[in-house]
Structures are given as C-alpha cells and as structure tokens.
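protein-v9.cif, holding mmCIF, C-alpha atoms and all ligand atoms:
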```cif
data_final
loop_
_atom_site.label_atom_id
_atom_site.label_comp_id
_atom_site.auth_asym_id
_atom_site.auth_seq_id
_atom_site.Cartn_x
_atom_site.Cartn_y
_atom_site.Cartn_z
CA MET A 1 17.80 -24.33 -27.60
CA ASN A 2 15.49 -26.69 -25.72
CA LYS A 3 16.27 -24.83 -22.53
CA LEU A 4 15.35 -21.54 -24.14
CA GLN A 5 12.05 -22.98 -25.39
CA THR A 6 11.20 -24.27 -21.91
CA GLY A 7 11.97 -20.82 -20.54
CA ASP A 8 9.70 -19.24 -23.12
CA GLN A 9 6.90 -21.64 -22.30
CA ASN A 10 7.21 -20.90 -18.61
CA LEU A 11 7.15 -17.21 -19.34
CA VAL A 12 4.07 -17.54 -21.54
CA LYS A 13 2.36 -19.53 -18.82
CA LYS A 14 3.20 -16.90 -16.20
CA ILE A 15 1.92 -14.13 -18.45
CA ASN A 16 -1.30 -16.03 -19.17
CA LYS A 17 -1.78 -16.71 -15.49
CA SER A 18 -1.27 -13.03 -14.72
CA ILE A 19 -3.84 -12.09 -17.37
CA VAL A 20 -6.40 -14.52 -15.95
CA LEU A 21 -5.81 -13.39 -12.36
CA HIS A 22 -6.02 -9.76 -13.41
CA ALA A 23 -9.42 -10.44 -15.02
CA ILE A 24 -10.65 -12.15 -11.84
CA GLN A 25 -9.27 -9.38 -9.58
CA THR A 26 -10.87 -6.59 -11.59
CA LYS A 27 -14.07 -8.22 -12.86
CA GLY A 28 -14.83 -11.05 -10.44
CA PRO A 29 -17.13 -12.78 -9.77
CA ILE A 30 -16.61 -13.91 -13.36
CA SER A 31 -17.00 -17.22 -15.21
CA ARG A 32 -14.28 -19.07 -17.11
CA ALA A 33 -16.18 -18.49 -20.35
CA GLN A 34 -16.36 -14.74 -19.73
CA ILE A 35 -12.60 -14.60 -18.96
CA SER A 36 -11.93 -16.36 -22.24
CA LYS A 37 -14.16 -13.90 -24.08
CA ASP A 38 -12.64 -10.82 -22.38
CA THR A 39 -8.98 -11.84 -22.67
CA GLY A 40 -8.94 -13.67 -25.99
CA LEU A 41 -7.26 -16.69 -24.35
CA ASN A 42 -8.78 -20.00 -25.39
CA LYS A 43 -11.04 -21.87 -22.95
CA ALA A 44 -8.57 -24.70 -22.29
CA THR A 45 -5.81 -22.23 -21.34
CA VAL A 46 -8.16 -20.28 -19.07
CA SER A 47 -9.29 -23.49 -17.34
CA SER A 48 -5.74 -24.67 -16.79
CA MET A 49 -4.65 -21.29 -15.37
CA VAL A 50 -7.71 -21.14 -13.11
CA THR A 51 -6.91 -24.62 -11.75
CA ASP A 52 -3.37 -23.42 -10.92
CA LEU A 53 -4.67 -20.25 -9.27
CA ILE A 54 -7.18 -22.23 -7.18
CA ASP A 55 -4.38 -24.62 -6.10
CA GLU A 56 -2.29 -21.58 -5.14
CA HIS A 57 -5.23 -20.17 -3.10
CA PHE A 58 -5.40 -16.94 -5.10
CA VAL A 59 -8.82 -17.75 -6.54
CA ASN A 60 -11.99 -19.29 -5.10
CA GLU A 61 -15.10 -20.65 -6.76
CA ILE A 62 -18.60 -19.68 -5.77
CA GLY A 63 -22.03 -20.99 -6.75
CA PRO A 64 -23.47 -20.60 -10.21
CA GLY A 65 -23.81 -17.10 -11.63
CA PRO A 66 -26.49 -15.80 -14.02
CA SER A 67 -26.65 -17.70 -17.26
CA SER A 68 -28.06 -16.75 -20.62
CA GLY A 69 -29.63 -20.17 -20.91
CA GLY A 70 -28.27 -23.66 -20.48
CA ARG A 71 -26.05 -24.72 -17.59
CA LYS A 72 -25.26 -21.94 -15.12
CA PRO A 73 -21.51 -21.24 -14.88
CA VAL A 74 -19.43 -21.43 -11.72
CA MET A 75 -18.13 -18.00 -10.76
CA LEU A 76 -14.57 -17.16 -9.75
CA TYR A 77 -13.36 -14.49 -7.39
CA PHE A 78 -10.04 -13.26 -6.04
CA ASN A 79 -9.27 -14.68 -2.63
CA ASN A 80 -8.17 -11.53 -0.82
CA HIS A 81 -7.81 -13.56 2.38
CA ALA A 82 -5.01 -15.75 1.00
CA GLY A 83 -2.58 -13.62 3.00
CA TYR A 84 -2.21 -10.37 4.91
CA ALA A 85 0.21 -7.46 5.01
CA ILE A 86 1.27 -5.12 7.79
CA GLY A 87 1.64 -1.41 7.06
CA ILE A 88 3.26 0.91 9.57
CA ASP A 89 3.19 4.68 9.76
CA LEU A 90 6.11 5.63 11.99
CA GLY A 91 5.40 9.21 13.01
CA VAL A 92 7.53 11.65 14.94
CA ASN A 93 5.54 10.95 18.11
CA TYR A 94 3.28 7.96 17.31
CA VAL A 95 3.22 4.57 15.58
CA LEU A 96 0.14 3.50 13.62
CA ALA A 97 0.12 -0.09 12.37
CA ILE A 98 -2.55 -1.75 10.23
CA LEU A 99 -3.21 -5.28 9.04
CA THR A 100 -4.67 -5.47 5.52
CA ASP A 101 -5.91 -8.26 3.29
CA LEU A 102 -4.50 -8.74 -0.23
CA LYS A 103 -6.84 -6.05 -1.56
CA GLY A 104 -5.70 -3.46 0.94
CA ASN A 105 -8.81 -3.60 3.15
CA ILE A 106 -7.92 -2.71 6.74
CA ILE A 107 -8.66 -5.67 9.04
CA GLU A 108 -7.00 -4.57 12.28
CA GLU A 109 -5.21 -1.48 13.54
CA GLU A 110 -3.09 -0.48 16.49
CA ILE A 111 -1.93 3.00 17.45
CA GLN A 112 0.60 3.85 20.12
CA THR A 113 2.39 6.96 21.34
CA LEU A 114 6.10 6.70 20.50
CA HIS A 115 7.98 5.68 23.66
CA GLY A 116 11.19 7.45 22.67
CA VAL A 117 13.23 8.66 19.72
CA GLU A 118 16.34 6.47 20.24
CA GLU A 119 17.02 3.67 17.78
CA ASN A 120 16.66 0.78 20.24
CA GLN A 121 13.42 2.21 21.65
CA ILE A 122 11.93 2.62 18.19
CA ILE A 123 12.98 -0.87 17.07
CA ASP A 124 11.55 -2.42 20.26
CA GLN A 125 8.28 -0.64 19.76
CA LEU A 126 8.03 -1.54 16.07
CA GLN A 127 8.68 -5.19 16.86
CA GLY A 128 6.08 -5.09 19.63
CA ILE A 129 3.37 -3.57 17.45
CA ILE A 130 4.12 -6.04 14.62
CA GLU A 131 3.78 -8.94 17.07
CA ILE A 132 0.40 -7.62 18.22
CA LEU A 133 -0.93 -7.55 14.64
CA MET A 134 0.59 -10.95 13.80
CA LYS A 135 -1.34 -12.43 16.72
CA LYS A 136 -4.55 -10.76 15.54
CA SER A 137 -4.09 -11.94 11.95
CA PRO A 138 -6.61 -14.57 10.78
CA LYS A 139 -5.20 -17.93 9.66
CA SER A 140 -4.44 -17.95 5.93
CA PRO A 141 -2.47 -19.97 3.36
CA TYR A 142 0.32 -17.40 3.00
CA GLY A 143 0.20 -15.75 6.45
CA ILE A 144 1.83 -12.33 6.71
CA VAL A 145 3.23 -11.79 3.22
CA GLY A 146 5.11 -8.58 3.91
CA ILE A 147 5.72 -5.61 6.16
CA GLY A 148 5.94 -2.02 4.95
CA VAL A 149 7.20 0.84 7.10
CA GLY A 150 6.82 4.50 6.13
CA VAL A 151 9.27 6.71 8.01
CA PRO A 152 9.64 10.50 8.30
CA GLY A 153 13.08 10.91 6.79
CA ILE A 154 15.35 10.25 3.84
CA VAL A 155 15.52 6.54 3.01
CA ASP A 156 17.72 5.16 0.24
CA GLN A 157 16.63 2.42 -2.15
CA ASP A 158 18.08 -0.27 0.14
CA GLY A 159 15.89 0.87 3.02
CA ILE A 160 18.70 2.54 4.99
CA LEU A 161 17.65 5.65 6.86
CA LEU A 162 20.05 8.39 5.81
CA PHE A 163 18.52 11.38 7.54
CA THR A 164 15.71 11.43 10.09
CA PRO A 165 15.66 14.93 11.58
CA TYR A 166 13.22 14.09 14.38
CA LEU A 167 14.17 10.49 15.25
CA ASN A 168 17.62 9.12 16.10
CA LEU A 169 17.69 6.55 13.31
CA GLN A 170 20.65 7.77 11.22
CA GLN A 171 22.10 4.86 9.22
CA ALA A 172 19.63 2.49 10.84
CA ASN A 173 18.89 -0.52 8.67
CA LEU A 174 15.31 -1.16 9.76
CA LYS A 175 14.71 -3.50 6.84
CA THR A 176 17.45 -5.95 7.87
CA VAL A 177 16.60 -5.69 11.56
CA LEU A 178 12.90 -6.50 10.99
CA GLU A 179 13.59 -9.17 8.37
CA SER A 180 15.99 -11.04 10.63
CA LYS A 181 13.55 -10.84 13.53
CA PHE A 182 10.38 -11.94 11.67
CA ASP A 183 11.68 -13.59 8.49
CA ILE A 184 9.09 -11.65 6.47
CA PRO A 185 10.04 -9.47 3.46
CA THR A 186 10.10 -5.86 4.64
CA ILE A 187 10.10 -2.59 2.74
CA VAL A 188 11.11 0.68 4.38
CA ALA A 189 10.16 3.85 2.54
CA ASN A 190 9.86 7.57 3.04
CA GLU A 191 6.42 8.38 4.47
CA ALA A 192 5.50 10.80 1.69
CA ASN A 193 6.29 8.18 -0.95
CA SER A 194 4.13 5.67 0.92
CA GLY A 195 1.37 8.26 1.22
CA ALA A 196 1.47 9.05 -2.51
CA TYR A 197 1.33 5.34 -3.34
CA GLY A 198 -1.60 4.79 -0.95
CA GLU A 199 -3.55 7.76 -2.31
CA GLN A 200 -3.00 6.62 -5.88
CA LEU A 201 -4.16 3.06 -5.18
CA TYR A 202 -7.04 3.68 -2.82
CA GLY A 203 -7.61 7.38 -2.22
CA THR A 204 -8.20 10.72 -3.90
CA GLY A 205 -5.55 9.99 -6.52
CA LYS A 206 -7.19 6.86 -7.91
CA ASN A 207 -6.87 6.91 -11.72
CA VAL A 208 -4.77 10.10 -11.65
CA SER A 209 -1.50 9.56 -13.55
CA ASN A 210 0.39 12.67 -12.49
CA LEU A 211 0.01 13.69 -8.91
CA ILE A 212 1.96 15.14 -6.02
CA TYR A 213 1.25 14.16 -2.44
CA GLU A 214 2.32 16.74 0.13
CA SER A 215 2.67 15.32 3.60
CA ILE A 216 2.53 18.37 5.86
CA GLY A 217 3.29 17.37 9.42
CA ILE A 218 6.23 18.32 11.64
CA GLY A 219 8.19 18.61 8.38
CA ILE A 220 7.04 18.54 4.76
CA GLY A 221 7.57 15.49 2.58
CA THR A 222 6.62 15.09 -1.05
CA GLY A 223 5.63 11.96 -2.94
CA ILE A 224 5.72 12.21 -6.73
CA ILE A 225 3.70 10.05 -9.13
CA ILE A 226 4.65 10.53 -12.78
CA ASN A 227 2.79 8.67 -15.53
CA GLY A 228 1.26 6.37 -12.94
CA GLU A 229 4.60 5.41 -11.37
CA LEU A 230 6.14 6.54 -8.10
CA TYR A 231 9.21 8.63 -8.93
CA THR A 232 11.93 8.30 -6.30
CA GLY A 233 15.00 9.65 -8.10
CA SER A 234 18.32 8.01 -8.98
CA THR A 235 19.11 6.91 -5.42
CA GLY A 236 15.59 6.84 -4.02
CA ILE A 237 15.68 10.13 -2.15
CA SER A 238 13.75 12.58 -4.32
CA GLY A 239 10.95 14.75 -3.00
CA GLU A 240 12.72 16.77 -0.31
CA MET A 241 10.57 19.77 -1.18
CA GLY A 242 10.38 20.77 2.47
CA HIS A 243 13.86 22.15 1.92
CA LEU A 244 13.05 24.32 -1.08
CA THR A 245 14.38 27.78 -0.25
CA ILE A 246 11.54 30.27 0.04
CA GLU A 247 13.41 32.98 2.03
CA THR A 248 16.90 33.88 0.82
CA ASN A 249 18.16 34.91 4.25
CA GLY A 250 15.60 33.00 6.22
CA LYS A 251 15.76 30.85 9.33
CA LYS A 252 18.56 28.30 9.65
CA CYS A 253 17.45 24.72 8.99
CA ARG A 254 18.73 21.38 10.35
CA CYS A 255 19.45 20.34 6.76
CA GLY A 256 22.19 22.99 6.44
CA ASN A 257 20.18 25.35 4.26
CA ARG A 258 18.41 28.59 5.18
CA GLY A 259 14.83 29.67 4.61
CA CYS A 260 13.49 26.15 3.93
CA TRP A 261 9.80 25.86 3.08
CA GLU A 262 8.99 23.58 6.03
CA LEU A 263 10.26 26.19 8.51
CA TYR A 264 7.34 28.42 7.42
CA ALA A 265 4.57 26.09 6.30
CA SER A 266 4.60 22.99 8.55
CA GLU A 267 3.04 21.92 11.83
CA SER A 268 6.24 22.95 13.66
CA ALA A 269 6.06 26.42 12.11
CA LEU A 270 2.45 26.68 13.25
CA LEU A 271 3.27 25.58 16.80
CA GLN A 272 6.28 27.87 17.05
CA GLU A 273 4.39 30.93 15.83
CA ALA A 274 1.36 30.12 18.00
CA LYS A 275 3.56 30.44 21.10
CA LYS A 276 4.01 34.14 20.32
CA LEU A 277 0.28 34.87 20.26
CA GLU A 278 -1.45 36.82 23.02
CA VAL A 279 -4.21 34.19 23.36
CA PHE A 280 -1.70 31.47 24.34
CA LYS A 281 0.45 33.75 26.55
CA ASN A 282 -0.34 31.92 29.79
CA GLN A 283 -0.37 28.41 28.35
CA ASN A 284 2.65 26.13 28.72
CA GLU A 285 1.38 23.44 26.39
CA ILE A 286 0.08 24.48 23.00
CA ASP A 287 -0.88 21.67 20.68
CA LEU A 288 -2.88 21.30 17.49
CA ASP A 289 -6.07 20.71 19.50
CA THR A 290 -5.75 24.04 21.35
CA ILE A 291 -5.01 25.87 18.11
CA GLU A 292 -7.96 24.26 16.34
CA GLN A 293 -10.26 25.11 19.24
CA GLU A 294 -9.26 28.79 19.10
CA ALA A 295 -9.70 28.81 15.33
CA LYS A 296 -13.21 27.44 15.80
CA ASN A 297 -13.83 30.13 18.42
CA GLY A 298 -12.95 32.64 15.73
CA ASN A 299 -9.90 34.06 17.50
CA GLY A 300 -8.53 36.72 15.15
CA GLU A 301 -4.83 36.15 15.93
CA VAL A 302 -5.12 32.40 15.33
CA LEU A 303 -7.08 32.89 12.12
CA GLN A 304 -4.42 35.34 10.93
CA LEU A 305 -1.67 32.84 11.74
CA LEU A 306 -3.44 30.03 9.86
CA ASN A 307 -3.91 32.41 6.94
CA THR A 308 -0.16 33.11 6.91
CA ILE A 309 0.69 29.39 7.09
CA GLY A 310 -1.73 28.76 4.21
CA GLU A 311 0.00 31.46 2.15
CA PHE A 312 3.40 29.90 2.80
CA ILE A 313 2.05 26.51 1.77
CA GLY A 314 0.75 28.14 -1.42
CA ILE A 315 4.18 29.63 -2.19
CA GLY A 316 5.85 26.22 -2.02
CA LEU A 317 3.07 24.66 -4.10
CA THR A 318 3.60 27.32 -6.77
CA ASN A 319 7.19 26.12 -7.19
CA ILE A 320 6.08 22.50 -7.32
CA ILE A 321 3.29 23.10 -9.84
CA ASN A 322 5.65 25.07 -12.08
CA THR A 323 8.11 22.18 -11.95
CA PHE A 324 5.85 19.16 -12.42
CA ASN A 325 2.62 20.38 -14.05
CA PRO A 326 0.67 17.71 -12.10
CA GLU A 327 -3.06 17.09 -12.51
CA MET A 328 -3.58 17.05 -8.78
CA ILE A 329 -1.92 17.99 -5.51
CA ILE A 330 -3.13 16.03 -2.51
CA LEU A 331 -2.47 17.59 0.88
CA GLY A 332 -2.02 14.99 3.58
CA ASN A 333 -0.88 14.47 7.16
CA ARG A 334 -1.86 16.47 10.20
CA MET A 335 -2.00 19.97 8.72
CA THR A 336 -5.12 18.91 6.80
CA ARG A 337 -7.19 19.23 9.98
CA PHE A 338 -6.92 22.99 9.37
CA GLU A 339 -8.16 22.73 5.79
CA SER A 340 -11.14 25.04 6.38
CA TRP A 341 -8.70 27.82 7.22
CA ILE A 342 -5.70 27.14 4.98
CA LEU A 343 -7.30 26.19 1.64
CA ASN A 344 -8.52 29.72 0.84
CA PRO A 345 -5.13 31.40 1.31
CA ILE A 346 -3.51 28.56 -0.69
CA HIS A 347 -5.89 29.16 -3.60
CA ARG A 348 -5.41 32.93 -3.33
CA VAL A 349 -1.62 32.59 -3.62
CA LEU A 350 -1.96 30.22 -6.58
CA ASP A 351 -4.36 32.68 -8.26
CA GLU A 352 -1.86 35.49 -7.79
CA ARG A 353 1.32 33.66 -8.68
CA LEU A 354 0.63 30.89 -11.20
CA SER A 355 0.30 31.42 -14.93
CA THR A 356 -3.24 30.75 -16.14
CA TYR A 357 -2.01 27.66 -18.04
CA HIS A 358 -0.88 26.04 -14.80
CA ARG A 359 -3.68 27.44 -12.66
CA GLU A 360 -6.47 26.11 -14.86
CA SER A 361 -5.15 22.56 -15.00
CA ILE A 362 -4.42 21.98 -11.32
CA THR A 363 -6.70 20.51 -8.67
CA ILE A 364 -5.80 21.01 -5.01
CA THR A 365 -7.43 18.59 -2.63
CA THR A 366 -6.97 16.88 0.71
CA SER A 367 -6.29 13.22 1.38
CA ALA A 368 -9.27 10.85 1.28
CA LEU A 369 -7.46 8.25 3.36
CA GLY A 370 -6.74 10.77 6.12
CA VAL A 371 -4.48 9.32 8.77
CA TYR A 372 -4.22 5.99 6.90
CA SER A 373 -2.48 7.12 3.69
CA ASN A 374 1.05 6.33 4.88
CA ALA A 375 0.16 3.04 6.60
CA LEU A 376 -1.94 1.85 3.64
CA GLY A 377 0.70 2.87 1.13
CA SER A 378 3.35 1.02 3.18
CA ALA A 379 1.17 -2.11 3.30
CA SER A 380 0.68 -1.82 -0.46
CA PHE A 381 4.43 -1.77 -1.09
CA ALA A 382 4.56 -5.09 0.79
CA LEU A 383 1.54 -6.47 -1.12
CA SER A 384 2.89 -5.49 -4.53
CA ASN A 385 6.22 -7.03 -3.65
CA PHE A 386 4.54 -10.31 -2.64
CA LEU A 387 2.28 -10.49 -5.68
CA ASP A 388 5.12 -9.51 -8.06
CA THR A 389 7.40 -12.24 -6.73
CA ASN A 390 4.55 -14.68 -7.37
CA ARG A 391 4.55 -13.34 -10.92
CA VAL A 392 1.02 -12.14 -10.83
CA THR A 393 -0.14 -8.66 -11.64
CA VAL A 394 -1.48 -6.56 -8.82
CA ASN A 395 -4.35 -4.33 -9.71
CA HIS A 396 -6.59 -2.70 -7.20
ZN ZN A 401 16.09 22.53 5.28
#
```
Now that the file is in, can you turn its structure into structure tokens?
Amino acid sequence: MNKLQTGDQNLVKKINKSIVLHAIQTKGPISRAQISKDTGLNKATVSSMVTDLIDEHFVNEIGPGPSSGGRKPVMLYFNNHAGYAIGIDLGVNYVLAILTDLKGNIIEEEIQTLHGVEENQIIDQLQGIIEILMKKSPKSPYGIVGIGVGVPGIVDQDGILLFTPYLNLQQANLKTVLESKFDIPTIVANEANSGAYGEQLYGTGKNVSNLIYESIGIGIGTGIIINGELYTGSTGISGEMGHLTIETNGKKCRCGNRGCWELYASESALLQEAKKLEVFKNQNEIDLDTIEQEAKNGNGEVLQLLNTIGEFIGIGLTNIINTFNPEMIILGNRMTRFESWILNPIHRVLDERLSTYHRESITITTSALGVYSNALGSASFALSNFLDTNRVTVNH
C-alpha cells in the first residue's frame, strides 16, 4: 500500500512538472505567479516544480518582467539549448542532415551527394555526416539527445528497413547500427511519415488535425495524420499510396503490382517521359533543372507533360481524399518545384472527379518547410522521444 502511494505521489509530481513546463514552453517568459494562475496549481507546488526544472536545465530565469505594482517578478523561459537533436533526410541521391535545438530551430546543416546505394556506403556516409554535426554542436547539459533518420522506403516499427526500392538497404537495421556507434537513441522512420510530422509541428499543417502529406519525389510516399496523431498502421508500414493502382493493365512496378500511381505521377515518371520529347532529343542528361528551364521558356511539349503529370497526381489524390476526408493535403518533396504548372491540372481533376462534399472541404497546398520537412520531422521524432522519456510534455 505504501509503495502504491509513493508511486502515486511520484506520478502526481511528474504530471505537475509537465504542466508547469508546458506553461513555460508555450507562454514563456512567464512568472511563477502567472503559472499558478493559469494552471490552477498552488504557488508552493509551482515553485517546487520550477526549482526542479531549473536544476534539470530545462528552464532558465531572466530579469524582472512587467509588474502590476509591487515587486517585479522574475520571468521563466524554456531553455531550448539544454540539448540538440540531429535530423537526417536520406534521399535517393543525397543526404541532408540538420542540427536542431529542443524547439526544432535549425542550428547547423550539412548536405552531401550520396556516395553510393550499397548498405556499407550509406552507413559510412550517415556516420560521417552525424560526426560532422556532433562536432559543430554547441556545448550543452544534455548534448545530442537523439538522432532521427527519414528514409525512402518501408520501415517497420522497430526501425528495420523492409523495402527500399532505390537503395540497397533491405533488412538493414540502421537504428541498431547507429545506436551502437554513437550511443545516442535513434529513430528510423519512413520519410513521408517524418515529413507529415514535421509539417504538422512546424509547417503548413500547424494546428491541422487531419492532414495527408504527399512526398512526391522519385517515388510517392504518404504520411497520414488523423486526429492530431501520426497514423502508421498495425505494423508501422501504412501510407504506401504510391502503389495504388490507377491503370488496370498499366506498367509493371518493382512492388509486384501493375499500374501503380507513382509510375505515372512521380519525379521518375516525369524524367522518363521527358526523354521522349523532341526538345530533349539530343540531350543525354535530362534532369529536373533542364525540365524546369524549358517549362519557364514556355516549351509546349514540356508544359503538356507537366499538365499530364499534374492530372495523374490529381487522380491519386481523388482516391486519397475519398478515403480519408482530410482537411488538408500538403504536397512535398521535389515535385513541388513544378507547382506553378501542376497545381492547376490537379485542381481541375479534383473539380471533375470529387463529390462537392469532399471538394468543398479540402485544401491542397505545398510544403512550407520545403526541403527541410523530412529532416525536421526526423529531428522532432528524436526530440519527442527525449522529452517523453524525461516525462515532460513536448509542445511546440
Ligand atoms: Zn508499385
């Protein structure tokens, strides 16, 4: 019985501490008296929790704030420099790594072209880029509190890479490899899930409870936020919308299916179709830059191709909107550089194919975080994990 009571007291203390920290994170600089007023906790409890949080380096005091008469109160603010996280966007041909503070502000970044697609090459490069950011990290009480890696492929809930169509990482356990090398908690997630998480915390999806993040790059990945929570399915591998069938007898896909959405609506579809155009007939290397340049030049063939890609994107989105009834769809990853040319055909297809009930309630937009959504989301997984294990609520 005594043991149970002690447990209860500890729990109450942890909850109170979380409430106080949450108030400081969201409303700081704030005085002890104001926290007491806002939270309903008595002044003695607030003071005791604040002392703990200062000892744990999560909270700092600053000079007196405005007072309504009498002694001016000391103000408290969240110490976002108590530790740092590393977020990595592992692309099909690049690695982008960022260092963030505890609030998700980007402090440092490093981008490299991927040296190769073999497992040992990728692991070497990831370790190298992590070491660079660790060296650049300012000194802090908690140091690097976590590493998050967003990868283009199917990742189970244990962080094992089950299927990575463009990188040779099948069955790779990146989490264990990186944890044993650096002794820092590491989270490996699908890049679209990281992107959705990043957009919801810091980007276009802030304060949106039901949203879908479409990462349209070489393939198409989907991150799903339902009622404010990332939905990852029973084994962590939901959101493989790139493999929705949109052509019954369509092209054969690496996944085993035919007519998959990403074969018609992704960056690879765009590059493949661009090769057939008259304007690129004598060019060996066609990349997104060359395509964008021709689009800007007003080349009719290229504009037609982008229109077709936009329509195919719209067809897949129609299926997704009918399934989830989200408030918002955020388009992310590299296809968004063509937004001036693809958004109109997307809207046209939605106008033609969606019921008015769905059409009226949906907002289609592009990522506010741009190239950082995956890296920031990955860093945030690491931050949430750190703050949760310290039993304090994270709220950005
Ligand atoms: Zn497929």
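The residues sitting within 6 Å of ligand ZN 401 (chain A), with only C-alpha atoms and all ligand atoms considered, come out as His243, Cys253, Arg254, Cys255, Asn257 and Cys260 of chain A.
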Using all atoms listed in the file, give me every residue within 7 Å of (1.1, 12.9, -12.5) in file coordinates, as a count of residues only. 11
What lies within 12 Å of region 119-125 of chain A using all atoms listed in the file, ignoring chain neighbours under 3 positions off, as number ranges by chain? A: 88, 90-97, 110-116, 128-132, 149, 151, 161, 164, 166-178, 181
Identify, on the basis of all atoms listed in the file, every residue whose closest approach to Tyr231 (chain A) does not exceed 12 Å; exclude the query and any residue fewer than 6 positions from it along the same chain; express the result as an NGL selection string. :A and (157 or 192-194 or 196-197 or 209-213 or 222-225 or 237-239 or 324)
Please, which residues in region 144-222 of chain A fall within 10 Å of region 358-382 of chain A when counting all atoms listed in the file, and what is the closest atom pair and distance in Å to one decimal for each, ordered by chain then residue number, as CSV?
```
residue,atom,partner,partner_atom,distance
A:Ile144,CA,A:Ala382,CA,9.7
A:Val145,CA,A:Ala382,CA,7.3
A:Gly146,CA,A:Ala382,CA,4.7
A:Ile147,CA,A:Ala382,CA,5.5
A:Gly148,CA,A:Ser378,CA,4.4
A:Val149,CA,A:Ser378,CA,5.5
A:Gly150,CA,A:Ser378,CA,5.7
A:Val151,CA,A:Asn374,CA,8.8
A:Ile184,CA,A:Ala382,CA,9.8
A:Pro185,CA,A:Ala382,CA,7.5
A:Thr186,CA,A:Ala382,CA,6.8
A:Ile187,CA,A:Ala382,CA,6.4
A:Val188,CA,A:Ser378,CA,7.9
A:Ala189,CA,A:Ser378,CA,7.4
A:Asn190,CA,A:Asn374,CA,9.1
A:Glu191,CA,A:Asn374,CA,5.8
A:Ala192,CA,A:Asn374,CA,7.1
A:Asn193,CA,A:Gly377,CA,8.0
A:Ser194,CA,A:Gly377,CA,4.4
A:Gly195,CA,A:Asn374,CA,4.2
A:Ala196,CA,A:Gly377,CA,7.2
A:Tyr197,CA,A:Gly377,CA,5.1
A:Gly198,CA,A:Gly377,CA,3.6
A:Glu199,CA,A:Ser373,CA,6.1
A:Gln200,CA,A:Gly377,CA,8.8
A:Leu201,CA,A:Gly377,CA,8.0
A:Tyr202,CA,A:Leu369,CA,7.7
A:Gly203,CA,A:Ala368,CA,5.2
A:Thr204,CA,A:Ala368,CA,5.3
A:Gly205,CA,A:Ser367,CA,8.6
A:Leu211,CA,A:Thr363,CA,9.6
A:Ile212,CA,A:Ile364,CA,9.8
A:Tyr213,CA,A:Ser367,CA,8.5
A:Glu214,CA,A:Thr366,CA,9.3
A:Ser215,CA,A:Asn374,CA,9.2
```
Quote the spacing between CA of Gly219 (chain A) and CA of Gly298 (chain A) in Å to one decimal place.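 Answer for the CA of Gly219 (chain A) to CA of Gly298 (chain A) separation: 26.4 Å.
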Once 4 Å is added on each side, what centre and edge lengths in Å to one decimal does the axis-aligned box around all listed atoms of region 83-96 of chain A have, as JSON?
```
{"center_x": 2.5, "center_y": -1.0, "center_z": 10.6, "size_x": 18.1, "size_y": 33.3, "size_z": 23.1}
```
What's the 8 Å shell around Leu76 (chain A), counting all atoms listed in the file, without same-chain residues fewer than 3 positions away, as a PyMOL selection string? chain A and resi 24+28-32+59-62
Correct to one decimal, the distance CA of Leu53 (chain A)-CA of Val12 (chain A) is 15.3 Å
A:Thr308, A:Lys139, A:Asn333, A:Phe58 ranked by distance to Pro152 (chain A), top pick (using all atoms listed in the file): A:Asn333
In Å, rounded to a single decimal, give me how far CA of Gly104 (chain A) is from CA of Asp158 (chain A).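 Taking CA of Asp158 (chain A) as the start and CA of Gly104 (chain A) as the end point, the length is 24.0 Å.
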Set the distance at 6 Å and use only C-alpha atoms: which residues neighbour Ile218 (chain A) once local chain neighbours fewer than 3 positions away are removed? I'd like the list as a PyMOL selection string. chain A and resi 266-268
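Proximity to Glu278 (chain A) was assessed for A:Ala295, A:Val302, A:Ile54, A:Ile216 counting all atoms listed in the file; the smallest distance is recorded for A:Val302.
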If we count only C-alpha atoms, what is near Leu317 (chain A) at a cut-off of 10 Å, once residues fewer than 3 positions away on the same chain are taken out, given as a ChimeraX atom specification? /A:212,214,241,261,311-314,320-323,329,346,349-350,354,364
